[in-house]
>>> print(open('run_2.cif').read())   # mmCIF, C-alpha atoms and all ligand atoms
data_query
loop_
_atom_site.group_PDB
_atom_site.id
_atom_site.type_symbol
_atom_site.label_atom_id
_atom_site.label_comp_id
_atom_site.auth_asym_id
_atom_site.auth_seq_id
_atom_site.Cartn_x
_atom_site.Cartn_y
_atom_site.Cartn_z
ATOM 1 C CA GLU W 1 -20.921 148.749 -6.643
ATOM 2 C CA GLN W 2 -20.947 152.051 -4.754
ATOM 3 C CA VAL W 3 -22.592 154.275 -7.341
ATOM 4 C CA SER W 4 -24.439 157.075 -5.622
ATOM 5 C CA ARG W 5 -27.770 157.725 -7.222
ATOM 6 C CA GLU W 6 -30.734 159.901 -6.510
ATOM 7 C CA VAL W 7 -33.673 157.842 -5.370
ATOM 8 C CA ALA W 8 -37.100 159.332 -5.749
ATOM 9 C CA PHE W 9 -39.676 159.096 -2.986
ATOM 10 C CA ASP W 10 -43.298 158.852 -4.099
ATOM 11 C CA GLY W 11 -44.696 160.610 -1.044
ATOM 12 C CA THR W 12 -45.995 157.673 1.028
ATOM 13 C CA GLY W 13 -43.713 155.911 3.499
ATOM 14 C CA LEU W 14 -44.379 152.163 3.678
ATOM 15 C CA THR W 15 -42.531 148.967 4.455
ATOM 16 C CA GLY W 16 -42.639 146.227 1.834
ATOM 17 C CA ASP W 17 -45.621 144.636 3.599
ATOM 18 C CA GLY W 18 -47.580 147.870 3.867
ATOM 19 C CA HIS W 19 -46.797 149.103 7.395
ATOM 20 C CA ARG W 20 -47.236 152.870 7.290
ATOM 21 C CA VAL W 21 -44.427 155.160 8.456
ATOM 22 C CA GLN W 22 -44.738 158.871 7.784
ATOM 23 C CA LEU W 23 -41.603 160.235 6.138
ATOM 24 C CA LEU W 24 -41.192 163.913 6.954
ATOM 25 C CA ALA W 25 -38.614 166.628 6.441
ATOM 26 C CA ASN W 26 -36.486 168.599 8.860
ATOM 27 C CA VAL W 27 -36.318 172.256 7.834
ATOM 28 C CA ALA W 28 -34.303 175.077 9.314
ATOM 29 C CA SER W 29 -35.674 178.188 7.621
ATOM 30 C CA PRO W 30 -38.466 179.201 5.253
ATOM 31 C CA ASP W 31 -35.862 179.100 2.472
ATOM 32 C CA SER W 32 -35.071 175.435 3.052
ATOM 33 C CA VAL W 33 -38.624 174.179 2.486
ATOM 34 C CA ALA W 34 -38.124 173.988 -1.288
ATOM 35 C CA ALA W 35 -35.899 170.935 -0.922
ATOM 36 C CA ALA W 36 -38.492 169.290 1.324
ATOM 37 C CA ILE W 37 -41.239 169.809 -1.258
ATOM 38 C CA GLU W 38 -39.053 168.560 -4.078
ATOM 39 C CA ALA W 39 -38.247 165.428 -2.083
ATOM 40 C CA LYS W 40 -42.046 164.860 -1.632
ATOM 41 C CA ALA W 41 -41.868 164.983 2.153
ATOM 42 C CA GLU W 42 -45.225 164.083 3.725
ATOM 43 C CA GLY W 43 -44.906 167.172 5.887
ATOM 44 C CA VAL W 44 -42.448 168.824 8.233
ATOM 45 C CA GLY W 45 -41.493 166.793 11.295
ATOM 46 C CA LEU W 46 -39.119 169.383 12.701
ATOM 47 C CA PHE W 47 -38.953 173.081 11.922
ATOM 48 C CA ARG W 48 -35.869 174.335 13.790
ATOM 49 C CA THR W 49 -37.074 177.895 14.401
ATOM 50 C CA GLU W 50 -33.858 179.026 16.097
ATOM 51 C CA PHE W 51 -32.112 178.927 12.705
ATOM 52 C CA CYS W 52 -34.327 181.794 11.494
ATOM 53 C CA PHE W 53 -32.813 184.077 14.107
ATOM 54 C CA LEU W 54 -29.143 183.089 14.393
ATOM 55 C CA ASP W 55 -28.008 186.485 13.089
ATOM 56 C CA HIS W 56 -30.335 188.520 15.319
ATOM 57 C CA ALA W 57 -28.915 190.692 18.085
ATOM 58 C CA GLU W 58 -32.446 191.349 19.382
ATOM 59 C CA ALA W 59 -35.371 188.981 19.790
ATOM 60 C CA PRO W 60 -37.531 188.767 16.650
ATOM 61 C CA GLY W 61 -40.819 190.578 16.912
ATOM 62 C CA LEU W 62 -44.261 189.059 16.489
ATOM 63 C CA ASP W 63 -44.739 190.184 12.877
ATOM 64 C CA GLU W 64 -41.379 188.895 11.709
ATOM 65 C CA GLN W 65 -42.108 185.519 13.261
ATOM 66 C CA VAL W 66 -45.615 185.323 11.840
ATOM 67 C CA ALA W 67 -44.208 185.969 8.353
ATOM 68 C CA ALA W 68 -41.518 183.288 8.730
ATOM 69 C CA TYR W 69 -43.934 180.639 9.993
ATOM 70 C CA ARG W 70 -46.582 181.487 7.379
ATOM 71 C CA ARG W 71 -44.098 180.788 4.606
ATOM 72 C CA VAL W 72 -43.515 177.280 5.909
ATOM 73 C CA PHE W 73 -47.226 176.569 6.448
ATOM 74 C CA ALA W 74 -48.057 177.924 2.993
ATOM 75 C CA ALA W 75 -45.575 175.513 1.435
ATOM 76 C CA PHE W 76 -47.339 172.488 2.969
ATOM 77 C CA PRO W 77 -51.080 173.060 2.565
ATOM 78 C CA GLY W 78 -53.088 170.311 4.233
ATOM 79 C CA LYS W 79 -49.936 168.634 5.523
ATOM 80 C CA LYS W 80 -48.620 168.291 9.022
ATOM 81 C CA VAL W 81 -46.056 170.890 10.058
ATOM 82 C CA THR W 82 -44.419 170.457 13.457
ATOM 83 C CA ILE W 83 -42.795 173.588 14.773
ATOM 84 C CA ARG W 84 -40.239 173.408 17.526
ATOM 85 C CA THR W 85 -40.042 176.380 19.838
ATOM 86 C CA LEU W 86 -36.647 178.055 20.140
ATOM 87 C CA ASP W 87 -33.860 175.627 20.958
ATOM 88 C CA ALA W 88 -31.273 178.229 21.853
ATOM 89 C CA GLY W 89 -28.091 177.464 23.726
ATOM 90 C CA ALA W 90 -25.239 174.936 23.683
ATOM 91 C CA ASP W 91 -24.405 174.221 20.019
ATOM 92 C CA LYS W 92 -26.962 176.831 18.835
ATOM 93 C CA PRO W 93 -26.371 180.041 20.827
ATOM 94 C CA LEU W 94 -28.653 182.989 20.062
ATOM 95 C CA ALA W 95 -27.247 186.408 20.977
ATOM 96 C CA PHE W 96 -30.523 187.639 22.423
ATOM 97 C CA VAL W 97 -31.094 184.768 24.819
ATOM 98 C CA THR W 98 -27.948 182.681 25.416
ATOM 99 C CA ALA W 99 -25.649 183.677 28.279
ATOM 100 C CA ALA W 100 -21.985 183.721 27.228
ATOM 101 C CA ASP W 101 -20.579 182.681 30.575
ATOM 102 C CA GLU W 102 -21.907 179.170 31.172
ATOM 103 C CA VAL W 103 -19.218 176.650 32.096
ATOM 104 C CA ASN W 104 -21.138 173.721 30.625
ATOM 105 C CA PRO W 105 -23.696 175.002 28.125
ATOM 106 C CA ALA W 106 -24.898 171.566 26.979
ATOM 107 C CA LEU W 107 -26.077 171.033 30.552
ATOM 108 C CA GLY W 108 -27.189 174.611 31.038
ATOM 109 C CA ILE W 109 -29.950 177.012 30.103
ATOM 110 C CA ARG W 110 -30.905 175.741 26.663
ATOM 111 C CA GLY W 111 -34.073 174.688 24.886
ATOM 112 C CA TYR W 112 -37.229 174.976 26.969
ATOM 113 C CA ARG W 113 -35.159 176.138 29.952
ATOM 114 C CA THR W 114 -34.619 179.537 28.308
ATOM 115 C CA ALA W 115 -38.300 180.179 29.035
ATOM 116 C CA TRP W 116 -37.530 180.192 32.770
ATOM 117 C CA ARG W 117 -35.537 183.374 32.288
ATOM 118 C CA ARG W 118 -37.368 184.815 29.315
ATOM 119 C CA PRO W 119 -40.978 183.611 29.440
ATOM 120 C CA GLU W 120 -42.065 186.465 27.182
ATOM 121 C CA LEU W 121 -39.967 185.039 24.318
ATOM 122 C CA LEU W 122 -41.887 181.770 24.410
ATOM 123 C CA ASP W 123 -45.226 183.521 24.685
ATOM 124 C CA THR W 124 -44.499 185.753 21.702
ATOM 125 C CA GLN W 125 -43.400 182.730 19.714
ATOM 126 C CA LEU W 126 -46.517 180.723 20.574
ATOM 127 C CA ARG W 127 -48.670 183.703 19.665
ATOM 128 C CA ALA W 128 -46.853 183.996 16.337
ATOM 129 C CA ILE W 129 -47.288 180.284 15.613
ATOM 130 C CA ALA W 130 -51.001 180.412 16.441
ATOM 131 C CA THR W 131 -51.513 183.534 14.328
ATOM 132 C CA ALA W 132 -49.605 182.096 11.356
ATOM 133 C CA ALA W 133 -51.375 178.735 11.602
ATOM 134 C CA ALA W 134 -54.809 180.392 11.666
ATOM 135 C CA ALA W 135 -53.940 182.576 8.675
ATOM 136 C CA GLU W 136 -52.810 179.571 6.618
ATOM 137 C CA ASN W 137 -55.361 177.102 8.018
ATOM 138 C CA ALA W 138 -52.393 174.897 8.877
ATOM 139 C CA ASP W 139 -52.229 171.425 10.387
ATOM 140 C CA VAL W 140 -49.796 172.523 13.078
ATOM 141 C CA GLY W 141 -48.058 170.697 15.873
ATOM 142 C CA VAL W 142 -45.935 172.562 18.399
ATOM 143 C CA MET W 143 -43.204 170.960 20.436
ATOM 144 C CA ALA W 144 -40.690 172.032 23.043
ATOM 145 C CA PRO W 145 -37.008 171.047 23.006
ATOM 146 C CA MET W 146 -34.936 169.750 25.938
ATOM 147 C CA ILE W 147 -37.782 168.686 28.168
ATOM 148 C CA ALA W 148 -36.584 166.802 31.247
ATOM 149 C CA THR W 149 -39.644 166.529 33.496
ATOM 150 C CA VAL W 150 -43.353 165.786 33.370
ATOM 151 C CA ASP W 151 -43.944 169.169 35.035
ATOM 152 C CA GLU W 152 -42.272 170.959 32.130
ATOM 153 C CA ALA W 153 -44.447 169.076 29.642
ATOM 154 C CA VAL W 154 -47.580 170.026 31.601
ATOM 155 C CA GLU W 155 -46.473 173.652 31.793
ATOM 156 C CA PHE W 156 -45.673 173.786 28.074
ATOM 157 C CA ALA W 157 -49.027 172.248 27.137
ATOM 158 C CA ALA W 158 -50.837 174.802 29.307
ATOM 159 C CA ARG W 159 -48.970 177.686 27.690
ATOM 160 C CA CYS W 160 -49.815 176.346 24.230
ATOM 161 C CA ALA W 161 -53.466 175.915 25.158
ATOM 162 C CA ALA W 162 -53.560 179.534 26.323
ATOM 163 C CA HIS W 163 -52.709 180.488 22.734
ATOM 164 C CA GLY W 164 -55.279 178.126 21.242
ATOM 165 C CA LEU W 165 -52.658 175.593 20.157
ATOM 166 C CA HIS W 166 -53.972 172.107 20.807
ATOM 167 C CA ASN W 167 -51.684 169.630 19.064
ATOM 168 C CA VAL W 168 -48.842 169.812 21.551
ATOM 169 C CA GLY W 169 -45.803 167.620 21.907
ATOM 170 C CA VAL W 170 -42.366 167.506 23.414
ATOM 171 C CA MET W 171 -39.005 166.393 22.213
ATOM 172 C CA ILE W 172 -37.568 163.390 23.947
ATOM 173 C CA GLU W 173 -33.866 164.105 23.876
ATOM 174 C CA THR W 174 -32.849 163.711 27.493
ATOM 175 C CA PRO W 175 -32.653 160.325 29.220
ATOM 176 C CA ALA W 176 -34.967 161.807 31.864
ATOM 177 C CA ALA W 177 -37.676 162.367 29.263
ATOM 178 C CA ALA W 178 -37.131 158.939 27.702
ATOM 179 C CA VAL W 179 -37.617 157.066 30.976
ATOM 180 C CA THR W 180 -40.662 159.179 31.907
ATOM 181 C CA ALA W 181 -42.173 159.093 28.415
ATOM 182 C CA GLY W 182 -45.253 157.287 29.775
ATOM 183 C CA PRO W 183 -46.374 159.997 32.207
ATOM 184 C CA ILE W 184 -45.252 162.695 29.761
ATOM 185 C CA LEU W 185 -47.412 161.220 26.998
ATOM 186 C CA ASP W 186 -50.376 161.149 29.370
ATOM 187 C CA ARG W 187 -50.179 164.959 29.260
ATOM 188 C CA VAL W 188 -49.270 165.769 25.654
ATOM 189 C CA ASP W 189 -50.438 164.656 22.210
ATOM 190 C CA PHE W 190 -47.203 163.400 20.681
ATOM 191 C CA ALA W 191 -43.469 163.117 21.194
ATOM 192 C CA SER W 192 -40.505 163.337 18.879
ATOM 193 C CA LEU W 193 -37.175 161.724 19.658
ATOM 194 C CA GLY W 194 -34.175 163.976 19.165
ATOM 195 C CA THR W 195 -31.567 161.294 18.771
ATOM 196 C CA ASN W 196 -28.655 163.724 18.388
ATOM 197 C CA ASP W 197 -29.049 165.006 21.916
ATOM 198 C CA LEU W 198 -30.423 161.742 23.273
ATOM 199 C CA ALA W 199 -27.179 160.034 22.190
ATOM 200 C CA GLN W 200 -25.079 162.867 23.621
ATOM 201 C CA TYR W 201 -26.791 162.782 27.002
ATOM 202 C CA THR W 202 -27.227 159.016 27.281
ATOM 203 C CA MET W 203 -23.579 158.347 26.449
ATOM 204 C CA ALA W 204 -22.239 161.451 28.264
ATOM 205 C CA ALA W 205 -20.371 162.270 25.046
ATOM 206 C CA ASP W 206 -20.280 165.804 23.623
ATOM 207 C CA ARG W 207 -21.945 165.842 20.182
ATOM 208 C CA LEU W 208 -19.430 168.431 18.992
ATOM 209 C CA MET W 209 -16.350 166.316 19.789
ATOM 210 C CA GLY W 210 -15.342 164.146 16.846
ATOM 211 C CA GLU W 211 -13.061 162.140 19.099
ATOM 212 C CA LEU W 212 -16.130 160.834 20.928
ATOM 213 C CA ALA W 213 -18.015 159.757 17.794
ATOM 214 C CA LEU W 214 -17.732 156.088 18.745
ATOM 215 C CA LEU W 215 -19.734 156.796 21.884
ATOM 216 C CA ASN W 216 -21.949 159.517 20.475
ATOM 217 C CA ASP W 217 -23.593 157.070 18.097
ATOM 218 C CA PRO W 218 -27.341 156.378 17.912
ATOM 219 C CA TRP W 219 -26.542 152.719 17.220
ATOM 220 C CA GLN W 220 -25.253 152.392 20.778
ATOM 221 C CA PRO W 221 -27.551 149.841 22.415
ATOM 222 C CA ALA W 222 -28.023 152.155 25.416
ATOM 223 C CA VAL W 223 -29.443 154.798 23.086
ATOM 224 C CA LEU W 224 -31.634 152.226 21.336
ATOM 225 C CA ARG W 225 -33.011 151.183 24.739
ATOM 226 C CA MET W 226 -33.936 154.792 25.496
ATOM 227 C CA ILE W 227 -35.703 154.985 22.129
ATOM 228 C CA ARG W 228 -37.484 151.681 22.796
ATOM 229 C CA GLU W 229 -38.701 152.950 26.161
ATOM 230 C CA ALA W 230 -40.219 156.049 24.572
ATOM 231 C CA CYS W 231 -41.773 154.182 21.630
ATOM 232 C CA GLN W 232 -43.334 151.601 23.928
ATOM 233 C CA ALA W 233 -44.841 154.401 26.002
ATOM 234 C CA GLY W 234 -46.274 155.858 22.795
ATOM 235 C CA MET W 235 -47.810 152.547 21.764
ATOM 236 C CA ALA W 236 -49.277 152.053 25.248
ATOM 237 C CA ALA W 237 -50.795 155.534 25.173
ATOM 238 C CA GLY W 238 -51.890 155.288 21.537
ATOM 239 C CA LYS W 239 -49.990 158.468 20.728
ATOM 240 C CA PRO W 240 -47.484 159.128 17.946
ATOM 241 C CA VAL W 241 -43.805 158.967 18.771
ATOM 242 C CA GLY W 242 -41.575 159.927 15.866
ATOM 243 C CA VAL W 243 -37.873 160.476 15.390
ATOM 244 C CA CYS W 244 -36.405 163.735 14.125
ATOM 245 C CA GLY W 245 -32.695 163.294 14.869
ATOM 246 C CA GLU W 246 -30.042 162.317 12.348
ATOM 247 C CA ALA W 247 -30.625 158.645 13.155
ATOM 248 C CA ALA W 248 -33.738 158.717 10.971
ATOM 249 C CA ALA W 249 -31.603 159.517 7.909
ATOM 250 C CA ASP W 250 -29.574 156.283 8.133
ATOM 251 C CA PRO W 251 -31.680 153.789 6.121
ATOM 252 C CA MET W 252 -30.793 150.727 8.180
ATOM 253 C CA LEU W 253 -31.241 152.578 11.455
ATOM 254 C CA ALA W 254 -34.540 153.935 10.143
ATOM 255 C CA ALA W 255 -35.695 150.321 9.831
ATOM 256 C CA ILE W 256 -34.612 149.682 13.435
ATOM 257 C CA LEU W 257 -36.565 152.739 14.573
ATOM 258 C CA VAL W 258 -39.648 151.398 12.789
ATOM 259 C CA GLY W 259 -39.051 148.058 14.507
ATOM 260 C CA LEU W 260 -38.887 149.823 17.866
ATOM 261 C CA GLY W 261 -42.275 151.440 17.156
ATOM 262 C CA ALA W 262 -41.539 154.900 15.759
ATOM 263 C CA THR W 263 -44.586 156.181 13.857
ATOM 264 C CA SER W 264 -42.792 158.800 11.758
ATOM 265 C CA LEU W 265 -39.261 159.626 10.673
ATOM 266 C CA SER W 266 -38.203 163.184 9.968
ATOM 267 C CA MET W 267 -34.918 163.885 8.247
ATOM 268 C CA SER W 268 -32.931 166.080 5.953
ATOM 269 C CA PRO W 269 -34.854 166.131 2.630
ATOM 270 C CA ARG W 270 -31.965 164.591 0.696
ATOM 271 C CA ALA W 271 -32.160 161.447 2.857
ATOM 272 C CA LEU W 272 -35.855 160.754 2.161
ATOM 273 C CA GLY W 273 -35.365 158.783 -1.065
ATOM 274 C CA GLY W 274 -32.828 156.367 0.366
ATOM 275 C CA VAL W 275 -34.787 155.750 3.555
ATOM 276 C CA ALA W 276 -38.054 155.276 1.653
ATOM 277 C CA GLU W 277 -36.437 152.799 -0.714
ATOM 278 C CA PHE W 278 -34.824 150.803 2.082
ATOM 279 C CA LEU W 279 -38.090 150.551 4.035
ATOM 280 C CA ARG W 280 -39.916 149.297 0.926
ATOM 281 C CA GLY W 281 -37.408 146.447 0.815
ATOM 282 C CA VAL W 282 -38.091 145.102 4.308
ATOM 283 C CA THR W 283 -41.091 143.882 6.291
ATOM 284 C CA VAL W 284 -42.145 145.256 9.640
ATOM 285 C CA ALA W 285 -41.468 141.823 11.170
ATOM 286 C CA GLN W 286 -37.895 142.037 9.902
ATOM 287 C CA CYS W 287 -37.603 145.512 11.389
ATOM 288 C CA ARG W 288 -38.821 144.213 14.749
ATOM 289 C CA ASP W 289 -36.465 141.226 14.735
ATOM 290 C CA ALA W 290 -33.551 143.451 13.779
ATOM 291 C CA ALA W 291 -34.485 145.920 16.522
ATOM 292 C CA VAL W 292 -34.504 143.149 19.139
ATOM 293 C CA ALA W 293 -31.060 142.035 17.989
ATOM 294 C CA ALA W 294 -29.633 145.564 17.862
ATOM 295 C CA VAL W 295 -30.890 146.397 21.351
ATOM 296 C CA ALA W 296 -29.295 143.210 22.730
ATOM 297 C CA ALA W 297 -25.929 143.788 21.006
ATOM 298 C CA ALA W 298 -22.756 144.508 22.972
ATOM 299 C CA GLY W 299 -21.946 147.710 21.127
ATOM 300 C CA ALA W 300 -22.774 149.965 18.210
ATOM 301 C CA GLY W 301 -20.737 147.943 15.728
ATOM 302 C CA ALA W 302 -22.346 144.670 16.759
ATOM 303 C CA ALA W 303 -25.779 146.298 16.594
ATOM 304 C CA ARG W 304 -25.119 147.400 13.011
ATOM 305 C CA SER W 305 -23.848 143.969 11.993
ATOM 306 C CA ALA W 306 -26.773 142.134 13.556
ATOM 307 C CA ALA W 307 -29.222 144.503 11.897
ATOM 308 C CA ALA W 308 -27.512 144.155 8.529
ATOM 309 C CA VAL W 309 -27.862 140.371 8.597
ATOM 310 C CA LEU W 310 -31.528 140.443 9.586
ATOM 311 C CA LEU W 311 -32.515 143.244 7.240
ATOM 312 C CA GLN W 312 -30.672 141.939 4.236
ATOM 313 C CA SER W 313 -31.835 138.325 4.256
ATOM 314 C CA ALA W 314 -35.205 138.918 2.623
ATOM 315 C CA ARG W 315 -34.049 141.591 0.190
HETATM 316 C C1 LIG W 401 -31.790 166.221 18.153
HETATM 317 O O1 LIG W 401 -31.226 166.564 19.201
HETATM 318 O O2 LIG W 401 -31.746 165.063 17.706
HETATM 319 C C2 LIG W 401 -32.568 167.189 17.369
HETATM 320 C C3 LIG W 401 -33.366 166.813 16.395
HETATM 321 O O3 LIG W 401 -32.411 168.497 17.677
HETATM 322 P P1 LIG W 401 -31.100 169.353 17.340
HETATM 323 O O4 LIG W 401 -30.183 168.501 16.510
HETATM 324 O O5 LIG W 401 -31.588 170.564 16.651
HETATM 325 O O6 LIG W 401 -30.566 169.616 18.713
HETATM 326 MG MG MG W 402 -31.662 168.433 20.099
#
>>> encode(input="run_2.cif", output="structure tokens")
Amino acid sequence: EQVSREVAFDGTGLTGDGHRVQLLANVASPDSVAAAIEAKAEGVGLFRTEFCFLDHAEAPGLDEQVAAYRRVFAAFPGKKVTIRTLDAGADKPLAFVTAADEVNPALGIRGYRTAWRRPELLDTQLRAIATAAAAENADVGVMAPMIATVDEAVEFAARCAAHGLHNVGVMIETPAAAVTAGPILDRVDFASLGTNDLAQYTMAADRLMGELALLNDPWQPAVLRMIREACQAGMAAGKPVGVCGEAAADPMLAAILVGLGATSLSMSPRALGGVAEFLRGVTVAQCRDAAVAAVAAAGAGAARSAAAVLLQSAR
């Protein structure tokens, strides 16, 4: 039967055999944290700060940013809140930073690259995050989007350190970052896989083009191999590697991500119950076996089918 029902999450992500996986929420504005709290998210795995400023013609000032970030920290006392610095450009243009004349914006000045042109925007944002975190005594992580090189990760970490921010990570959402996750993780504290962009860039398939959805699919074995590479680097370094793309919201794929070694899954609050329930119904060994099968599959459909067989058998 296909009855949709609300599944409650009790606030601790676990597989049936007790393997711990933090289940976190993606939030896009201070107003959207209510849903995350209601869903009992263990914290915020991705705060998309650019969504606070979509309607701004001018860059937000320090005080406005401090107020916005404080509201999110205040909503999660004692819990981890990971803030992503502005990911402007491509599908999320911001009037005050995105150039209108790029031929290929998905491959252009977006994410961390905007700091090449406008370093003062990043510095103001890091100052605002540090100020807000100190005021709320927050457990803050800061991460940069669209990192493609180890040098960028080093540079970002240094800029964060200059503002007293010491839990620093990067998003792994380019194939370049996935295949250099080892040396990147030698320089930062954590990484978070952005599977929406990682699928787009691995498969060379525009995430905004519905016609390419078959390719732009996180179940594509090529994408799963990128994820595996990054998770293995995390395990080797003893550093957390989570997932904050839409892939984490698909319960069966969430189990594959756990099998590949992801330490946390961050998703839209409404997906938390279903993912939590599915993970409680499988063992970590099942997740690993299913991940091996999915990675070896010939395509996204075959990966799904193989995973379904291996994840269902013990349920
Ligand atoms: C992603 O790319 O998977 C991600 C989490 O970032 P966004 O969707 O905001 O680009
Ligand atoms: Mg992204």
>>> residues_around(input="run_2.cif", residues="Pro183 of chain W", least_positions_apart="5", cutoff="10 Å", atoms="all atoms listed in the file", output="MDAnalysis selection string")
chainID W and resid 149:151 153 177 188 233 237
>>> write_last_selection(input="run_2.cif", atoms="C-alpha atoms", output="CSV table (one decimal), in the coordinates of the input")
chain,number,residue,atom,x,y,z
W,149,THR,CA,-39.6,166.5,33.5
W,150,VAL,CA,-43.4,165.8,33.4
W,151,ASP,CA,-43.9,169.2,35.0
W,153,ALA,CA,-44.4,169.1,29.6
W,177,ALA,CA,-37.7,162.4,29.3
W,188,VAL,CA,-49.3,165.8,25.7
W,233,ALA,CA,-44.8,154.4,26.0
W,237,ALA,CA,-50.8,155.5,25.2
>>> residues_near_ligand(input="run_2.cif", ligand="ligand LIG 401 (chain W)", cutoff="8 Å", atoms="only C-alpha atoms and all ligand atoms", output="list of chain:residue names")
W:Leu46, W:Arg48, W:Asp87, W:Asp91, W:Pro145, W:Glu173, W:Leu193, W:Gly194, W:Thr195, W:Asn196, W:Asp197, W:Leu198, W:Val243, W:Cys244, W:Gly245, W:Glu246, W:Ala247
>>> residues_around(input="run_2.cif", residues="Val72 of chain W", least_positions_apart="4", cutoff="10 Å", atoms="all atoms listed in the file", output="VMD selection string")
chain W and resid 27 29 to 34 44 47 67 to 68 76 to 77 81 83 132 to 133 136 138
>>> write_last_selection(input="run_2.cif", atoms="C-alpha atoms", output="mmCIF file, in the coordinates of the input")
data_model
loop_
_atom_site.group_PDB
_atom_site.id
_atom_site.type_symbol
_atom_site.label_atom_id
_atom_site.label_comp_id
_atom_site.auth_asym_id
_atom_site.auth_seq_id
_atom_site.Cartn_x
_atom_site.Cartn_y
_atom_site.Cartn_z
ATOM 1 C CA VAL W 27 -36.318 172.256 7.834
ATOM 2 C CA SER W 29 -35.674 178.188 7.621
ATOM 3 C CA PRO W 30 -38.466 179.201 5.253
ATOM 4 C CA ASP W 31 -35.862 179.100 2.472
ATOM 5 C CA SER W 32 -35.071 175.435 3.052
ATOM 6 C CA VAL W 33 -38.624 174.179 2.486
ATOM 7 C CA ALA W 34 -38.124 173.988 -1.288
ATOM 8 C CA VAL W 44 -42.448 168.824 8.233
ATOM 9 C CA PHE W 47 -38.953 173.081 11.922
ATOM 10 C CA ALA W 67 -44.208 185.969 8.353
ATOM 11 C CA ALA W 68 -41.518 183.288 8.730
ATOM 12 C CA PHE W 76 -47.339 172.488 2.969
ATOM 13 C CA PRO W 77 -51.080 173.060 2.565
ATOM 14 C CA VAL W 81 -46.056 170.890 10.058
ATOM 15 C CA ILE W 83 -42.795 173.588 14.773
ATOM 16 C CA ALA W 132 -49.605 182.096 11.356
ATOM 17 C CA ALA W 133 -51.375 178.735 11.602
ATOM 18 C CA GLU W 136 -52.810 179.571 6.618
ATOM 19 C CA ALA W 138 -52.393 174.897 8.877
#
>>> resolve_selection(input="run_2.cif", expression="the PyMOL selection byres (((chain W and resi 50-59) around 6) and not hetatm)", output="PDB file with C-alpha atoms, keeping the file's coordinate frame")
ATOM      1  CA  ALA W  28     -34.303 175.077   9.314  1.00  0.00           C
ATOM      2  CA  SER W  29     -35.674 178.188   7.621  1.00  0.00           C
ATOM      3  CA  ARG W  48     -35.869 174.335  13.790  1.00  0.00           C
ATOM      4  CA  THR W  49     -37.074 177.895  14.401  1.00  0.00           C
ATOM      5  CA  PRO W  60     -37.531 188.767  16.650  1.00  0.00           C
ATOM      6  CA  LEU W  86     -36.647 178.055  20.140  1.00  0.00           C
ATOM      7  CA  ASP W  87     -33.860 175.627  20.958  1.00  0.00           C
ATOM      8  CA  LEU W  94     -28.653 182.989  20.062  1.00  0.00           C
ATOM      9  CA  ALA W  95     -27.247 186.408  20.977  1.00  0.00           C
ATOM     10  CA  PHE W  96     -30.523 187.639  22.423  1.00  0.00           C
TER      11      PHE W  96
END
>>> resolve_selection(input="run_2.cif", expression="the PyMOL selection byres (((chain W and resi 165-169) around 7) and not hetatm)", output="PyMOL selection string")
chain W and resi 130+140-144+157+160-161+163-164+170-171+188-191
>>> atom_distance(input="run_2.cif", atom1="atom CA of Ile227 of chain W", atom2="atom CA of Gly45 of chain W")
17.0 Å
>>> closest_residue(input="run_2.cif", among="W:Phe73, W:Phe156, W:Tyr201, W:Trp116", to="ligand MG 402 (chain W)", atoms="all atoms listed in the file")
W:Tyr201
>>> decode(input="run_2.cif", residues="segment 42-70 of chain W", atoms="C-alpha atoms", output="PDB file, in the first residue's frame")
ATOM      1  CA  GLU W  42      20.308  16.722  15.533  1.00  0.00           C
ATOM      2  CA  GLY W  43      21.598  20.045  14.262  1.00  0.00           C
ATOM      3  CA  VAL W  44      22.019  21.941  11.022  1.00  0.00           C
ATOM      4  CA  GLY W  45      24.249  20.283   8.435  1.00  0.00           C
ATOM      5  CA  LEU W  46      23.837  22.998   5.832  1.00  0.00           C
ATOM      6  CA  PHE W  47      22.707  26.574   6.330  1.00  0.00           C
ATOM      7  CA  ARG W  48      22.431  28.011   2.805  1.00  0.00           C
ATOM      8  CA  THR W  49      23.220  31.631   3.682  1.00  0.00           C
ATOM      9  CA  GLU W  50      22.742  32.924   0.133  1.00  0.00           C
ATOM     10  CA  PHE W  51      18.981  32.400   0.519  1.00  0.00           C
ATOM     11  CA  CYS W  52      18.888  35.123   3.196  1.00  0.00           C
ATOM     12  CA  PHE W  53      19.982  37.688   0.635  1.00  0.00           C
ATOM     13  CA  LEU W  54      18.309  36.703  -2.645  1.00  0.00           C
ATOM     14  CA  ASP W  55      16.244  39.906  -2.688  1.00  0.00           C
ATOM     15  CA  HIS W  56      19.155  42.218  -1.843  1.00  0.00           C
ATOM     16  CA  ALA W  57      20.439  44.692  -4.416  1.00  0.00           C
ATOM     17  CA  GLU W  58      23.382  45.537  -2.135  1.00  0.00           C
ATOM     18  CA  ALA W  59      25.577  43.266  -0.049  1.00  0.00           C
ATOM     19  CA  PRO W  60      24.182  42.699   3.459  1.00  0.00           C
ATOM     20  CA  GLY W  61      26.011  44.562   6.168  1.00  0.00           C
ATOM     21  CA  LEU W  62      27.712  43.040   9.189  1.00  0.00           C
ATOM     22  CA  ASP W  63      24.860  43.727  11.625  1.00  0.00           C
ATOM     23  CA  GLU W  64      22.183  42.273   9.380  1.00  0.00           C
ATOM     24  CA  GLN W  65      24.229  39.115   8.949  1.00  0.00           C
ATOM     25  CA  VAL W  66      24.996  38.787  12.645  1.00  0.00           C
ATOM     26  CA  ALA W  67      21.265  38.994  13.409  1.00  0.00           C
ATOM     27  CA  ALA W  68      20.385  36.349  10.801  1.00  0.00           C
ATOM     28  CA  TYR W  69      23.040  33.897  11.979  1.00  0.00           C
ATOM     29  CA  ARG W  70      22.235  34.452  15.668  1.00  0.00           C
TER      30      ARG W  70
END
